[in-house]
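Note: the block below is model-v2.cif and it holds mmCIF, C-alpha atoms.
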```cif
data_run
loop_
_atom_site.label_atom_id
_atom_site.label_comp_id
_atom_site.auth_asym_id
_atom_site.auth_seq_id
_atom_site.Cartn_x
_atom_site.Cartn_y
_atom_site.Cartn_z
CA MET A 1 -1.06 26.72 -11.09
CA THR A 2 -2.72 29.66 -12.82
CA GLN A 3 -0.27 32.26 -14.14
CA SER A 4 -1.12 35.85 -13.33
CA VAL A 5 -0.73 38.78 -15.69
CA SER A 6 0.32 42.08 -14.18
CA SER A 7 -0.27 45.52 -15.65
CA ASN A 8 3.48 45.96 -16.23
CA SER A 9 4.39 42.93 -18.34
CA ILE A 10 3.46 39.58 -19.82
CA THR A 11 6.20 36.96 -19.53
CA SER A 12 6.62 33.32 -20.54
CA LEU A 13 3.38 33.28 -22.50
CA VAL A 14 3.11 30.31 -24.92
CA SER A 15 1.25 31.32 -28.10
CA SER A 16 -0.32 27.85 -28.51
CA LYS A 17 -2.25 28.41 -25.27
CA LEU A 18 -4.10 31.39 -26.72
CA THR A 19 -7.63 30.37 -27.72
CA GLY A 20 -10.78 32.20 -28.56
CA ALA A 21 -11.17 35.79 -29.76
CA LEU A 22 -8.96 38.51 -28.39
CA PRO A 23 -10.71 41.64 -27.18
CA ALA A 24 -10.47 44.79 -29.31
CA ILE A 25 -7.58 46.99 -28.26
CA SER A 26 -6.22 50.36 -29.41
CA GLY A 27 -3.10 50.39 -31.59
CA ALA A 28 -2.15 53.92 -30.54
CA ALA A 29 0.64 52.68 -28.30
CA LEU A 30 2.21 50.36 -30.88
CA THR A 31 5.69 51.34 -32.10
CA GLY A 32 7.92 50.08 -34.90
CA VAL A 33 4.95 49.20 -37.11
CA ASN A 34 4.85 50.63 -40.64
CA ALA A 35 1.43 51.18 -42.14
CA GLY A 36 2.38 50.13 -45.69
CA VAL A 37 5.04 52.84 -46.27
CA PHE A 38 8.74 52.53 -45.43
CA SER A 39 10.32 55.76 -44.24
CA SER A 40 13.97 56.70 -44.76
CA THR A 41 16.05 59.87 -44.88
CA SER A 42 17.40 58.84 -48.31
CA ASN A 43 16.11 57.57 -51.65
CA PRO A 44 16.05 53.82 -52.47
CA THR A 45 18.74 52.35 -54.71
CA VAL A 46 18.75 49.65 -57.37
CA THR A 47 20.04 47.22 -54.70
CA SER A 48 17.42 48.03 -52.04
CA ASN A 49 15.72 44.72 -53.01
CA LYS A 50 12.15 45.22 -51.83
CA THR A 51 9.00 43.56 -53.15
CA LEU A 52 7.01 44.67 -56.18
CA GLY A 53 4.73 47.57 -55.25
CA PHE A 54 6.73 48.47 -52.12
CA ILE A 55 6.39 52.17 -51.21
CA TRP A 56 9.48 54.05 -50.00
CA ALA A 57 9.14 57.55 -48.53
CA ASN A 58 12.05 59.99 -48.28
CA SER A 59 11.25 61.84 -45.06
CA VAL A 60 13.64 64.69 -45.96
CA THR A 61 12.42 65.56 -49.49
CA GLY A 62 8.88 64.19 -49.21
CA ASP A 63 9.29 62.09 -52.36
CA LEU A 64 7.52 58.74 -52.63
CA PHE A 65 8.95 55.84 -54.67
CA ASN A 66 7.05 52.78 -55.94
CA CYS A 67 9.05 49.63 -56.75
CA ILE A 68 7.90 48.73 -60.27
CA ASP A 69 10.59 46.10 -60.92
CA ALA A 70 11.88 43.97 -58.04
CA THR A 71 14.68 42.22 -59.95
CA THR A 72 17.39 41.42 -57.39
CA ASN A 73 20.08 44.15 -57.31
CA ASN A 74 18.45 45.88 -60.30
CA ASN A 75 15.31 47.39 -58.78
CA VAL A 76 13.44 50.10 -60.65
CA TRP A 77 11.75 52.76 -58.50
CA LYS A 78 9.26 55.23 -59.98
CA ASN A 79 9.13 58.58 -58.20
CA VAL A 80 5.45 59.25 -57.60
CA GLY A 81 6.23 62.30 -55.50
CA SER A 82 7.85 64.97 -57.65
CA GLY A 83 7.75 62.68 -60.71
CA VAL A 84 11.48 63.06 -61.40
CA ASP A 85 14.70 61.52 -60.06
CA HIS A 86 13.57 57.95 -60.71
CA VAL A 87 15.93 55.22 -59.48
CA HIS A 88 17.09 52.74 -62.10
CA ASP A 89 20.11 51.09 -63.68
CA THR A 90 22.68 53.55 -65.01
CA SER A 91 23.17 51.90 -68.42
CA SER A 92 22.94 54.64 -71.03
CA PHE A 93 22.09 52.47 -74.04
CA GLN A 94 18.81 51.31 -72.45
CA GLY A 95 16.00 53.27 -70.84
CA GLU A 96 13.64 52.36 -68.02
CA ILE A 97 11.62 55.56 -67.69
CA ALA A 98 11.06 57.32 -71.02
CA GLY A 99 11.94 57.44 -74.70
CA PHE A 100 12.60 60.66 -76.65
CA VAL A 101 12.21 61.44 -80.37
CA SER A 102 13.92 64.56 -81.74
CA GLY A 103 13.75 66.47 -85.03
CA GLY A 104 12.73 64.89 -88.32
CA TYR A 105 11.08 65.93 -91.55
CA SER A 106 7.50 66.69 -90.58
CA ALA A 107 4.41 66.57 -92.76
CA ASP A 108 2.49 68.12 -89.85
CA ASP A 109 4.91 71.05 -89.69
CA GLY A 110 4.37 72.23 -93.27
CA ASN A 111 6.57 69.61 -94.96
CA THR A 112 9.69 71.04 -93.44
CA PHE A 113 12.34 70.22 -90.84
CA SER A 114 11.22 70.00 -87.20
CA ASN A 115 12.92 71.09 -83.98
CA ASN A 116 10.45 69.14 -81.83
CA ILE A 117 11.57 66.91 -78.91
CA ASP A 118 8.86 64.39 -77.96
CA ARG A 119 8.76 62.29 -74.79
CA PHE A 120 6.79 59.09 -74.18
CA SER A 121 6.65 56.76 -71.19
CA LEU A 122 8.33 53.35 -71.14
CA LEU A 123 6.27 52.49 -68.04
CA SER A 124 2.78 52.79 -69.54
CA ASP A 125 1.21 52.98 -73.00
CA VAL A 126 0.34 56.66 -73.45
CA GLU A 127 0.57 59.32 -76.14
CA ALA A 128 3.80 61.30 -76.52
CA THR A 129 4.01 64.89 -75.29
CA GLN A 130 6.35 67.69 -76.34
CA HIS A 131 9.38 67.84 -74.05
CA GLY A 132 11.12 70.84 -75.64
CA ASP A 133 12.85 72.13 -78.79
CA LEU A 134 16.22 71.59 -80.46
CA THR A 135 18.39 74.65 -81.13
CA ALA A 136 17.92 74.10 -84.87
CA ALA A 137 15.31 72.25 -86.91
CA ARG A 138 16.86 69.30 -88.74
CA TYR A 139 16.33 65.69 -89.81
CA GLN A 140 18.57 62.65 -90.44
CA SER A 141 20.47 63.32 -87.20
CA SER A 142 21.55 60.64 -84.70
CA GLY A 143 20.77 60.27 -81.01
CA GLN A 144 23.05 59.47 -78.06
CA SER A 145 22.11 58.96 -74.38
CA SER A 146 23.96 59.56 -71.14
CA THR A 147 22.28 58.62 -67.85
CA THR A 148 20.91 62.16 -67.46
CA HIS A 149 20.83 63.81 -70.91
CA GLY A 150 19.86 63.19 -74.51
CA TYR A 151 21.98 64.33 -77.46
CA THR A 152 21.05 65.05 -81.09
CA SER A 153 24.07 65.12 -83.40
CA GLY A 154 24.41 66.60 -86.87
CA GLY A 155 21.64 66.33 -89.42
CA ASN A 156 20.76 67.74 -92.81
CA GLY A 157 22.39 71.17 -93.08
CA TRP A 158 23.81 71.25 -89.53
CA ASN A 159 26.87 70.12 -87.58
CA VAL A 160 25.44 71.02 -84.16
CA ILE A 161 25.47 68.63 -81.18
CA ASP A 162 22.43 69.50 -79.04
CA LYS A 163 21.95 68.41 -75.42
CA PHE A 164 18.75 68.31 -73.35
CA THR A 165 17.83 67.15 -69.84
CA PHE A 166 15.81 63.94 -69.47
CA ALA A 167 14.31 64.57 -66.00
CA SER A 168 12.58 67.88 -66.71
CA ALA A 169 11.03 69.43 -69.80
CA GLY A 170 13.04 72.15 -71.54
CA ASN A 171 14.86 73.20 -74.68
CA ALA A 172 18.19 71.82 -75.83
CA THR A 173 21.48 73.74 -75.80
CA ASP A 174 24.34 73.64 -78.35
CA VAL A 175 27.32 71.93 -76.67
CA GLY A 176 29.58 70.99 -79.60
CA ASP A 177 30.00 70.33 -83.30
CA MET A 178 30.53 67.51 -85.76
CA PRO A 179 33.52 68.10 -88.12
CA GLU A 180 31.36 68.38 -91.26
CA LEU A 181 28.71 71.07 -91.76
CA ASN A 182 26.24 68.74 -93.45
CA ARG A 183 26.79 65.31 -91.85
CA LYS A 184 23.47 63.44 -91.94
CA SER A 185 22.10 59.88 -91.66
CA THR A 186 24.69 58.88 -89.03
CA CYS A 187 24.28 55.99 -86.56
CA GLY A 188 24.13 56.85 -82.86
CA HIS A 189 25.90 54.80 -80.16
CA SER A 190 26.28 55.33 -76.40
CA SER A 191 28.86 54.04 -73.95
CA SER A 192 28.74 54.93 -70.25
CA THR A 193 31.00 57.95 -70.84
CA HIS A 194 30.80 58.97 -74.52
CA GLY A 195 28.48 59.41 -77.47
CA TYR A 196 29.41 58.16 -80.95
CA ALA A 197 28.16 59.05 -84.45
CA ALA A 198 29.23 56.58 -87.13
CA GLY A 199 29.01 56.72 -90.91
CA GLY A 200 26.42 58.93 -92.55
CA ALA A 201 26.57 61.06 -95.65
CA THR A 202 27.71 64.58 -96.47
CA ARG A 203 26.90 66.89 -99.37
CA LEU A 204 29.83 68.48 -101.20
CA PRO A 205 29.66 72.01 -102.68
CA SER A 206 28.91 70.38 -106.05
CA THR A 207 25.71 68.97 -104.42
CA VAL A 208 27.07 65.44 -104.80
CA THR A 209 26.27 63.36 -101.71
CA ILE A 210 28.89 60.86 -100.57
CA ASP A 211 28.73 58.28 -97.79
CA VAL A 212 31.09 58.68 -94.82
CA ILE A 213 33.31 56.02 -93.20
CA GLY A 214 34.30 57.85 -90.00
CA ILE A 215 33.37 57.13 -86.36
CA ASN A 216 33.18 60.33 -84.29
CA LYS A 217 33.22 60.57 -80.50
CA PHE A 218 32.33 63.19 -77.86
CA SER A 219 32.40 63.23 -74.05
CA PHE A 220 29.26 63.25 -71.87
CA SER A 221 31.08 64.81 -68.91
CA SER A 222 32.76 67.79 -70.55
CA ASP A 223 30.69 68.40 -73.71
CA GLY A 224 32.61 69.70 -76.73
CA ASN A 225 33.21 68.69 -80.34
CA ALA A 226 33.21 65.19 -81.85
CA PRO A 227 36.47 64.44 -83.71
CA GLN A 228 36.89 61.31 -85.82
CA VAL A 229 38.58 58.54 -83.79
CA ALA A 230 38.15 55.45 -86.00
CA THR A 231 36.48 54.14 -89.17
CA LEU A 232 33.83 51.61 -90.21
CA THR A 233 34.80 48.83 -92.64
CA LEU A 234 33.25 50.86 -95.47
CA ALA A 235 31.39 54.14 -95.93
CA ARG A 236 27.66 53.84 -95.28
CA SER A 237 24.57 55.84 -94.34
CA GLN A 238 20.97 55.23 -93.21
CA ALA A 239 22.12 52.20 -91.19
CA SER A 240 21.10 51.16 -87.68
CA GLY A 241 23.06 52.10 -84.57
CA ASN A 242 23.22 49.56 -81.73
CA SER A 243 25.13 49.46 -78.46
CA SER A 244 26.11 46.79 -75.96
CA SER A 245 27.85 47.67 -72.70
CA THR A 246 31.23 47.35 -74.45
CA HIS A 247 30.75 47.84 -78.22
CA GLY A 248 28.96 49.83 -80.89
CA TYR A 249 27.36 48.11 -83.91
CA THR A 250 26.37 49.51 -87.31
CA ALA A 251 24.11 47.35 -89.50
CA GLY A 252 22.51 47.62 -92.95
CA GLY A 253 22.16 50.91 -94.82
CA THR A 254 23.68 52.05 -98.06
CA ALA A 255 27.27 51.13 -98.93
CA ASP A 256 29.77 53.24 -100.89
CA PRO A 257 31.45 51.66 -102.71
CA GLY A 258 29.74 48.35 -102.22
CA THR A 259 27.68 45.52 -103.56
CA SER A 260 24.17 44.54 -102.53
CA THR A 261 25.59 42.16 -99.93
CA ASP A 262 27.40 45.07 -98.28
CA GLN A 263 23.97 46.52 -97.45
CA THR A 264 23.51 43.68 -94.95
CA ARG A 265 26.89 44.09 -93.22
CA ILE A 266 27.11 44.26 -89.40
CA ASP A 267 30.17 46.21 -88.18
CA LYS A 268 31.45 46.25 -84.60
CA PHE A 269 33.85 48.61 -82.77
CA THR A 270 35.00 48.69 -79.15
CA PHE A 271 34.32 51.51 -76.68
CA ALA A 272 37.50 50.70 -74.71
CA SER A 273 39.87 52.05 -77.37
CA ASP A 274 39.63 54.17 -80.50
CA SER A 275 40.00 51.27 -82.93
CA ASN A 276 38.55 50.66 -86.37
CA ALA A 277 35.44 48.50 -86.76
CA THR A 278 35.45 44.91 -87.99
CA THR A 279 32.70 42.98 -89.78
CA VAL A 280 31.07 40.34 -87.54
CA GLY A 281 27.99 39.21 -89.50
CA THR A 282 25.16 40.08 -91.90
CA LEU A 283 21.48 40.96 -91.60
CA ALA A 284 18.75 38.71 -92.96
CA GLN A 285 17.56 41.43 -95.38
CA ARG A 286 19.01 44.37 -97.37
CA THR A 287 17.59 47.53 -95.83
CA VAL A 288 18.19 51.28 -95.80
CA GLY A 289 16.49 53.73 -93.46
CA VAL A 290 16.53 50.93 -90.88
CA THR A 291 16.65 51.51 -87.13
CA GLY A 292 18.20 49.64 -84.22
CA GLN A 293 17.32 48.52 -80.70
CA SER A 294 19.55 46.88 -78.08
CA SER A 295 18.77 44.44 -75.29
CA SER A 296 21.48 43.55 -72.77
CA THR A 297 22.41 40.49 -74.86
CA ASP A 298 21.31 41.08 -78.46
CA GLY A 299 21.14 43.66 -81.24
CA TYR A 300 17.98 44.21 -83.31
CA THR A 301 17.12 46.03 -86.54
CA THR A 302 13.53 46.88 -87.37
CA GLY A 303 11.68 48.14 -90.42
CA GLY A 304 13.52 50.05 -93.12
CA TYR A 305 13.14 50.10 -96.89
CA SER A 306 13.90 46.52 -97.90
CA TYR A 307 15.52 45.60 -101.22
CA THR A 308 15.06 41.94 -100.30
CA LEU A 309 11.32 42.38 -100.90
CA SER A 310 10.07 42.26 -104.47
CA PRO A 311 9.20 44.93 -105.31
CA ALA A 312 11.26 46.86 -102.76
CA ALA A 313 9.09 48.40 -100.04
CA ALA A 314 8.90 49.40 -96.38
CA SER A 315 9.44 46.37 -94.14
CA THR A 316 7.97 44.92 -90.96
CA GLU A 317 10.93 42.60 -90.32
CA ILE A 318 12.72 42.32 -86.96
CA ASP A 319 16.28 40.94 -87.26
CA LYS A 320 18.33 39.80 -84.24
CA TRP A 321 21.96 38.86 -83.56
CA SER A 322 23.96 37.98 -80.44
CA PHE A 323 26.36 40.44 -78.80
CA SER A 324 28.36 37.67 -77.14
CA SER A 325 28.96 35.41 -80.13
CA ASP A 326 28.46 37.84 -83.05
CA GLY A 327 27.48 36.11 -86.29
CA ASN A 328 24.62 36.59 -88.72
CA ALA A 329 21.23 37.96 -87.78
CA THR A 330 18.00 35.98 -88.12
CA ASP A 331 14.43 37.11 -88.79
CA VAL A 332 12.65 36.70 -85.42
CA GLY A 333 9.39 38.61 -85.84
CA ASP A 334 7.50 41.50 -87.38
CA LEU A 335 6.37 44.96 -86.41
CA GLN A 336 2.65 45.69 -86.49
CA SER A 337 3.14 48.15 -89.37
CA ALA A 338 5.67 48.32 -92.20
CA VAL A 339 7.85 51.39 -91.63
CA SER A 340 11.03 53.05 -92.85
CA ALA A 341 12.84 56.33 -92.06
CA ILE A 342 12.08 55.73 -88.37
CA THR A 343 14.05 55.88 -85.14
CA GLY A 344 14.66 53.24 -82.48
CA ILE A 345 14.52 53.42 -78.68
CA SER A 346 15.83 50.68 -76.38
CA ALA A 347 14.12 49.82 -73.09
CA THR A 348 15.33 47.02 -70.80
CA THR A 349 12.70 44.50 -71.91
CA LYS A 350 11.30 46.00 -75.14
CA GLY A 351 12.45 47.68 -78.33
CA TYR A 352 10.51 50.66 -79.69
CA SER A 353 10.26 52.22 -83.16
CA ALA A 354 8.67 55.60 -83.81
CA GLY A 355 7.73 57.84 -86.73
CA GLN A 356 7.62 57.65 -90.51
CA GLY A 357 7.01 60.93 -92.25
CA SER A 358 3.78 61.60 -94.08
CA THR A 359 2.10 58.26 -93.46
CA SER A 360 2.49 57.53 -89.76
CA LYS A 361 3.45 58.88 -86.36
CA ILE A 362 2.89 55.67 -84.42
CA ILE A 363 4.99 54.33 -81.57
CA GLN A 364 5.18 50.52 -81.58
CA TYR A 365 7.21 48.02 -79.57
CA PHE A 366 8.20 44.36 -79.49
CA SER A 367 9.33 42.17 -76.59
CA TYR A 368 12.95 41.01 -76.44
CA SER A 369 11.92 37.78 -74.74
CA SER A 370 9.17 36.61 -77.09
CA ASN A 371 10.19 38.31 -80.38
CA VAL A 372 6.54 38.46 -81.42
CA SER A 373 4.78 40.95 -83.66
CA GLY A 374 4.97 44.58 -82.66
CA THR A 375 2.19 46.39 -80.81
CA GLN A 376 1.15 50.01 -81.25
CA VAL A 377 1.24 51.84 -77.93
CA GLY A 378 0.75 55.49 -78.84
CA ASN A 379 1.55 58.32 -81.23
CA LEU A 380 4.09 61.09 -81.54
CA THR A 381 2.81 64.66 -81.47
CA LEU A 382 3.91 65.06 -85.13
CA ARG A 383 4.45 62.80 -88.14
CA GLN A 384 8.25 62.76 -88.33
CA GLU A 385 10.53 61.17 -90.93
CA PHE A 386 14.18 60.40 -90.03
CA PRO A 387 14.08 61.67 -86.43
CA SER A 388 16.63 60.64 -83.80
CA GLY A 389 15.93 58.57 -80.68
CA THR A 390 17.27 58.54 -77.12
CA GLN A 391 16.23 56.83 -73.88
CA TYR A 392 16.28 57.46 -70.12
#
```
This structure in structure tokens:
Amino acid sequence: MTQSVSSNSITSLVSSKLTGALPAISGAALTGVNAGVFSSTSNPTVTSNKTLGFIWANSVTGDLFNCIDATTNNNVWKNVGSGVDHVHDTSSFQGEIAGFVSGGYSADDGNTFSNNIDRFSLLSDVEATQHGDLTAARYQSSGQSSTTHGYTSGGNGWNVIDKFTFASAGNATDVGDMPELNRKSTCGHSSSTHGYAAGGATRLPSTVTIDVIGINKFSFSSDGNAPQVATLTLARSQASGNSSSTHGYTAGGTADPGTSTDQTRIDKFTFASDSNATTVGTLAQRTVGVTGQSSSTDGYTTGGYSYTLSPAAASTEIDKWSFSSDGNATDVGDLQSAVSAITGISATTKGYSAGQGSTSKIIQYFSYSSNVSGTQVGNLTLRQEFPSGTQY
């Protein structure tokens, strides 16, 4: 029996019985079909779990989001609409959108202190652009990152804690103070709720510079001053600052008082309580003016002025140690260029170093997974020595 097809419906049709070419028909009456863009009244989240390249449209704001990392429950969405309000993990010690470099001693600014805030993309290899200005020009400050703002703490001649917005360009505002007027060369650390500045050096009225042992802490939610809450195992300056989700680490740098082996010391303190640091390992080389980067599992130091080299000189070395097991660091790779007096920025898959005074303003990175030689990806707007770094 031949089945008839009425104009109202098609029922009990077996797909295997369809043969030959179907005639062309209009799709104007089709419903529930998305032409490559998913529409919603809200923004995507890190757990939206779509495929790489998926486009999400917010029908209320008009913003479009592109899924640039489809890791399960940790999606990264780039806002290609307004270009702000990206969707990413809320860890403050790693960035997924942009890195920022603030202040420094600039050869391009008349061999003087700089108040420049530079921004560069962590999503593509492009040149840095100026994001804004600090409230005061300074160098040898430290950087801290909340999920929405960058902080620049202390520095040569200043005790100011500056704060600036990541999502939109603009100048920083003064939101607090360090206890000392001239606290410089500190190490920056970031928990989910607080910024920390550890160690450093301060100049007494007699012009004698002494290293500092204190760990200072300030709140991201309420702003304000940064009182001392704990101490390192010994006074030190020009060391690296690293952060895991639970602890801050300070590695390398000068040591006062201390032996040459103290210049390789890795200290660790907990974010959960205001407790003194303990020593958990040593670096593979003695370095000052070194910088730090942090993956989710490991701490890294890069560059610096190495006293392990003979004669002492700027270094290319990348050292790495485990957050979970602590222990000594090992040499796992090299930057493209030997650098010191730089700053470090931590992305989720790469570590970045930027700057170096009169000789370089390059931005270079290395991969956490392969630990291979660094690659230059761009330049800062100025040559800057001892700037501070933050990430978004």
Select all residues near (24.0, 59.4, -98.3) (cut-off 7 Å, inclusive, file coordinates), counting all atoms listed in the file, and output them as a PyMOL selection string. chain A and resi 185+200-202+209-211+237
Run the PyMOL selection byres ((chain A and resi 353) around 9) mentally over the shown coordinates, then write out the matched residues as JSON, numbers by chain, using the chain letters and numbers from the document. {"A": [291, 292, 293, 302, 303, 335, 339, 342, 343, 344, 345, 346, 351, 352, 354, 355, 362, 363, 364, 365, 366, 389]}
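Here the PyMOL selection byres ((chain A and resi 66) around 8) matches the residues A:Gly53, A:Phe54, A:Ile55, A:Trp56, A:Leu64, A:Phe65, A:Cys67, A:Ile68, A:Trp77, A:Lys78, A:Asn79, A:Val80.
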Could you expand the PyMOL selection byres ((chain A and resi 115) around 8) into the explicit residues it covers here, written as a PyMOL selection string? chain A and resi 102-104+113-114+116-117+133-138
To one decimal place, how far is CA of Thr349 in chain A from CA of Gly188 in chain A in Å?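 Separation between CA of Thr349 in chain A and CA of Gly188 in chain A: 20.1 Å.
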What lies within 7 Å of Thr254 in chain A using only C-alpha atoms, ignoring chain neighbours under 6 positions off, as a list in words?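 Near neighbours after the sequence-gap exclusion: Arg236, Ser237, Gln238, Gln263 and Val288 of chain A.
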Using all atoms listed in the file, pick whichever of A:Thr264, A:Ser244, A:Ser190, A:Thr250 has the shortest atom-to-atom distance to Tyr307 in chain A. A:Thr264
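Among the candidates A:Val175, A:Ile161, A:Leu181, A:Ala235, the one nearest to Tyr196 in chain A when counting all atoms listed in the file is A:Ile161.
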Sphere at (34.4, 64.2, -79.0), radius 8 Å, counting only C-alpha atoms: residues as a list in words: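 Collected hits near the coordinates: His194, Gly195, Asn216, Lys217, Phe218, Ser219, Asp223, Gly224, Asn225, Ala226, Pro227 and Gln228 of chain A.
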Assuming 5 Å of padding per side, give the centre and edge lengths of the axis-aligned box around every listed atom of range 321-329 of chain A, in Å to one decimal and as AutoDock Vina command-line options.
```
--center_x 25.1 --center_y 37.9 --center_z -82.9 --size_x 17.7 --size_y 15.0 --size_z 21.6
```
Using all atoms listed in the file, determine which residues lie at most 9 Å from range 140-151 of chain A, disregarding the query and same-chain residues fewer than 6 positions distant; provide the list as a PyMOL selection string. chain A and resi 89-95+100-105+158+161-167+172+183-197+200+220+238+241+341+343+385-392
Go through A:Leu232, A:Val76, A:Ala277, A:Leu283 and flag the residue nearest Asn328 in chain A, using all atoms listed in the file for the distances.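 Among the listed residues, A:Leu283 lies closest to Asn328 in chain A.
Taking CA of Ser273 in chain A and CA of Thr246 in chain A as endpoints, the distance between them is 10.3 Å.
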So the first atom is CA of Arg119 in chain A and the second is CA of His131 in chain A; what is the distance between them in Å, to one decimal place?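 Atom-to-atom, CA of Arg119 in chain A to CA of His131 in chain A, that is 5.6 Å.
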Go through range 221-260 of chain A and flag each residue having an atom no more than 12 Å from range 318-325 of chain A; for those, report the closest pair of atoms plus their distance in Å to one decimal, using only C-alpha atoms, ordered by chain and rising number, as CSV.
```
residue,atom,partner,partner_atom,distance
A:Ser240,CA,A:Asp319,CA,11.3
A:Asn242,CA,A:Phe323,CA,10.1
A:Ser243,CA,A:Phe323,CA,9.1
A:Ser244,CA,A:Phe323,CA,7.0
A:Ser245,CA,A:Phe323,CA,9.6
A:Thr246,CA,A:Phe323,CA,9.5
A:His247,CA,A:Phe323,CA,8.6
A:Gly248,CA,A:Phe323,CA,10.0
A:Tyr249,CA,A:Phe323,CA,9.3
A:Ala251,CA,A:Asp319,CA,10.4
A:Gly252,CA,A:Asp319,CA,10.8
```
For a quick check of understanding, using only C-alpha atoms, which of A:Thr129, A:Asn49, A:Asn58, A:Asn276 has the smallest distance to Val37 in chain A? A:Asn58
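Remark: for Val290 in chain A, the closest of the candidate residues A:Val14, A:Ala314, A:Leu309, A:Ala272 is A:Ala314 (distances computed over only C-alpha atoms).
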For Ser310 in chain A, the nearest of the candidates A:Ala255, A:Gln384, A:Arg286, A:Thr330, counting all atoms listed in the file: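 Of A:Ala255, A:Gln384, A:Arg286, A:Thr330, the one nearest Ser310 in chain A is A:Arg286, counting all atoms listed in the file.
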